[in-house]
Amino acid sequence: MAAGLGGLGLMPLSAATIGLLVPILGNDYAPFASVEAGAAFVNLHEWVFREPGSGCAPDGAKISAIDFDMGLQGGFRLGLGFEPYNKLKKIGLGISGSYASYLPVNRGSVSDSDWDDNGNMFSLGKGAASSIAFTDVEGKLQLYIPLGKIPALVLMAKLWYCRYAASAHGGWIQQANIGEPWDDGLPKEPMYGMSMMYIQEWLTIAPGLGLWLQLGRHSVNLYGTVWGGVWGNHLDYHYFKKINPSAGMERYVIYQDNVRGNLTVNIEAEWKYQLKRYGEIGITLGYKTIPLARGSSHIMTAGLVDDVYFEADTAGASIIQIYGGVVYKLWL
């Protein structure tokens with residue numbers, strides 16, 4: 001902030017205390033707290049791919065695919081941090097963390113598809129989806145490097161953990177007999193009650209680059225991460241599932257997938273306006289995705305048939321989140 005908060009009559013109350021506790025930082029640092037009300041569009045995807053030499057279909061062809069389109073999720077985000085309040089005065093280091101939770105809703109949809117050993121679709125189901133518990137936790141370490149009177153370059157390291165749980169219920173399922181070509185006109189058998197529950201759990205660590213701009217009382221923060229470590233542990237729990245064309249419906253089929261990758265994308269833009277003596281208010285818009293992480297899959301069928309293990313690169317998963325909100329930040 002070009003003039004600092006003191007120029008606006010908004011000197012943080014704890015600056016002197018922080019200066020005594022951490023002499024090396026001086027009075028250029030202060031803690032803050034923030035609260036945000038917002039919403040997000042969330043899509044969750046899961047695939048199982050064919051193992052090499054396991055059928056007539058090409059290696060890597062899909063065996064199963066599940067797509068949860070959860071629609072708009074309302075929620076809130078709480079944040080705490082410690083950073084320089086004048087980012088254009090000298091190089092400074094900031095650290096922050098946030099916790100976000102989205103409220104359960106019933107407006108989503110789900111699609112579940114299966115293919116046989118020859119690569120032919122034999123099962124398709126669609127139904128309604130409900131979010132159960134959507135949680136995001138973030139931690140950021142940021143280095144601010146002033147480039148002049150307006151901008152500062154931001155170097156960042158970011159940790160993101162999320163756990164999304166959703167259920168599917170109702171809807172219908174179409175199934176073809178062995179050897180028959182797929183026909184969209186196949187009878188749709190109705191499904192009643194809950195048919196599946198899906199849990200995605202992700203952990204990512206990634207570097208980032210950003211630009212912080214100060215224009216009077218207005219500030220703009222733009223940053224992005226496009227690479228990093230990705231680890232996922234997912235559970236796909238089916239109450240009823242047909243796992244091959246010649247079998248009947250199996251009960252309590254569980255897919256446990258462990259995936260990893262090195263690509264995660266997060267782009268965020270934030271605008272804030274300084275309210276004299278009352279902190280800052282602003283708007284946040286962002287996009288997060290893990291396009292595709294691959295790994296192993298373990299199919300468990302509650303003792304009805306032997307468990308099935310699919311080795312590395314036979315399981316896949318992804319997540320897409322588009323979010324925004326109104327945030328209030330208070331310097332303490």
# chains A, B, ... in the order shown; residues from 1 in each chain; ligands from 1
>>> residues_around(residues="Tyr255 in chain A", least_positions_apart="2", cutoff="9 Å", atoms="only C-alpha atoms", output="ChimeraX atom specification")
/A:234-238,253,257,297-301
>>> write_last_selection(atoms="C-alpha atoms", output="short mmCIF file (atom, residue, chain, number, x, y, z; two decimals), in the first residue's frame")
data_model
loop_
_atom_site.label_atom_id
_atom_site.label_comp_id
_atom_site.auth_asym_id
_atom_site.auth_seq_id
_atom_site.Cartn_x
_atom_site.Cartn_y
_atom_site.Cartn_z
CA HIS A 234 -10.63 -41.53 -3.49
CA LEU A 235 -13.47 -43.86 -2.55
CA ASP A 236 -16.29 -44.70 -4.94
CA TYR A 237 -18.90 -46.66 -2.98
CA HIS A 238 -21.71 -48.33 -4.94
CA VAL A 253 -18.89 -52.52 -4.68
CA ASP A 257 -8.15 -45.24 -6.01
CA SER A 297 -7.42 -48.93 -8.28
CA HIS A 298 -8.65 -51.62 -5.89
CA ILE A 299 -12.17 -53.03 -6.39
CA MET A 300 -13.78 -54.60 -3.30
CA THR A 301 -17.15 -56.33 -3.47
#
>>> residues_around(residues="range 182-186 of chain A", least_positions_apart="3", cutoff="10 Å", atoms="only C-alpha atoms", output="NGL selection string")
:A and (120-124 or 173-177 or 179 or 189)
>>> closest_residue(among="A:Ala37, A:Ala30, A:Val259, A:Ile63", to="Tyr328 in chain A", atoms="only C-alpha atoms")
A:Ala37
>>> residues_around(residues="Cys162 in chain A", least_positions_apart="2", cutoff="8 Å", atoms="only C-alpha atoms", output="ChimeraX atom specification")
/A:134-137,160,164,200-203
>>> atom_distance(atom1="CA of Tyr85 in chain A", atom2="CA of Asp28 in chain A")
6.2 Å
>>> closest_residue(among="A:Ala168, A:Leu78, A:Leu332, A:Leu153", to="Ser195 in chain A", atoms="only C-alpha atoms")
A:Ala168
>>> residues_around(residues="Asn106 in chain A", least_positions_apart="6", cutoff="9 Å", atoms="only C-alpha atoms", output="ChimeraX atom specification")
/A:70,128-131
>>> select_by_dssp(residues="range 81-263 of chain A", states="strand (DSSP E)", output="ChimeraX atom specification")
/A:81-84,92-102,108-115,121-146,151-175,189-190,194-215,218-225,229-241,250-261
>>> residues_around(residues="Lys329 in chain A", least_positions_apart="6", cutoff="10 Å", atoms="only C-alpha atoms", output="list in words")
Phe32, Ala33, Ser34, Val35, Glu36, Leu78, Gly79, Leu80, Lys272, Tyr273, Gln274, Leu275, Tyr278, Gly279, Glu280, Ile281 and Gly282 of chain A
>>> write_last_selection(atoms="C-alpha atoms", output="tab-separated table (two decimals), in the first residue's frame")
chain	number	residue	atom	x	y	z
A	32	PHE	CA	-5.06	-10.02	9.84
A	33	ALA	CA	-8.28	-12.02	9.84
A	34	SER	CA	-10.75	-12.37	6.97
A	35	VAL	CA	-14.19	-13.78	6.30
A	36	GLU	CA	-15.68	-14.49	2.88
A	78	LEU	CA	-12.25	-17.97	7.11
A	79	GLY	CA	-8.67	-16.75	6.91
A	80	LEU	CA	-5.76	-15.75	9.15
A	272	LYS	CA	-9.95	-4.91	-2.37
A	273	TYR	CA	-10.95	-1.42	-1.25
A	274	GLN	CA	-9.63	0.11	1.99
A	275	LEU	CA	-12.34	1.26	4.36
A	278	TYR	CA	-12.53	-0.59	9.15
A	279	GLY	CA	-10.11	-2.76	7.17
A	280	GLU	CA	-10.75	-3.81	3.57
A	281	ILE	CA	-13.65	-5.21	1.56
A	282	GLY	CA	-13.33	-6.89	-1.80
>>> residues_around(residues="Val105 in chain A", least_positions_apart="4", cutoff="12 Å", atoms="only C-alpha atoms", output="list in words")
Ala39, Ala40, Phe41, Val42, Asp69, Met70, Gly71, Leu72, Gln73, Gly74, Gly75, Ser109, Ala128, Ala129, Ser130, Ser131, Ile132, Ala133, Phe134, Ala165, Ala166 and Ser167 of chain A
>>> atom_distance(atom1="CA of Ala206 in chain A", atom2="CA of Asn266 in chain A")
9.5 Å
>>> residues_around(residues="Tyr144 in chain A", least_positions_apart="4", cutoff="10 Å", atoms="only C-alpha atoms", output="PDB file with C-alpha atoms, in the first residue's frame")
ATOM      1  CA  GLU A  83       2.158 -10.021   6.227  1.00  0.00           C
ATOM      2  CA  PRO A  84       3.583  -6.540   5.463  1.00  0.00           C
ATOM      3  CA  ASN A  86       3.019  -1.747   3.027  1.00  0.00           C
ATOM      4  CA  LYS A  87       4.131  -4.137   0.310  1.00  0.00           C
ATOM      5  CA  LEU A  88       5.796  -1.433  -1.788  1.00  0.00           C
ATOM      6  CA  LYS A  89       8.240  -0.186   0.868  1.00  0.00           C
ATOM      7  CA  LYS A  90      10.692  -3.107   0.872  1.00  0.00           C
ATOM      8  CA  ILE A  91      10.901  -6.840   0.277  1.00  0.00           C
ATOM      9  CA  GLY A  92       8.586  -8.634   2.700  1.00  0.00           C
ATOM     10  CA  LEU A  93       7.386 -12.123   3.547  1.00  0.00           C
ATOM     11  CA  GLY A  94       3.769 -13.079   4.243  1.00  0.00           C
ATOM     12  CA  PRO A 151       3.322  -2.980  -8.450  1.00  0.00           C
ATOM     13  CA  ALA A 152       5.054  -5.689  -6.452  1.00  0.00           C
ATOM     14  CA  LEU A 153       6.095  -9.081  -7.763  1.00  0.00           C
ATOM     15  CA  VAL A 154       4.849 -11.994  -5.645  1.00  0.00           C
ATOM     16  CA  LEU A 155       6.675 -15.326  -5.402  1.00  0.00           C
ATOM     17  CA  MET A 156       4.552 -17.968  -3.708  1.00  0.00           C
ATOM     18  CA  GLY A 210       1.706 -13.176  -8.887  1.00  0.00           C
ATOM     19  CA  LEU A 211       1.435  -9.407  -9.190  1.00  0.00           C
ATOM     20  CA  TRP A 212       0.178  -7.080  -6.468  1.00  0.00           C
TER      21      TRP A 212
END
>>> atom_distance(atom1="CA of Ile66 in chain A", atom2="CA of Trp47 in chain A")
6.5 Å
>>> closest_residue(among="A:Lys288, A:Arg50, A:Arg294, A:Lys158", to="Gly228 in chain A", atoms="only C-alpha atoms")
A:Lys158
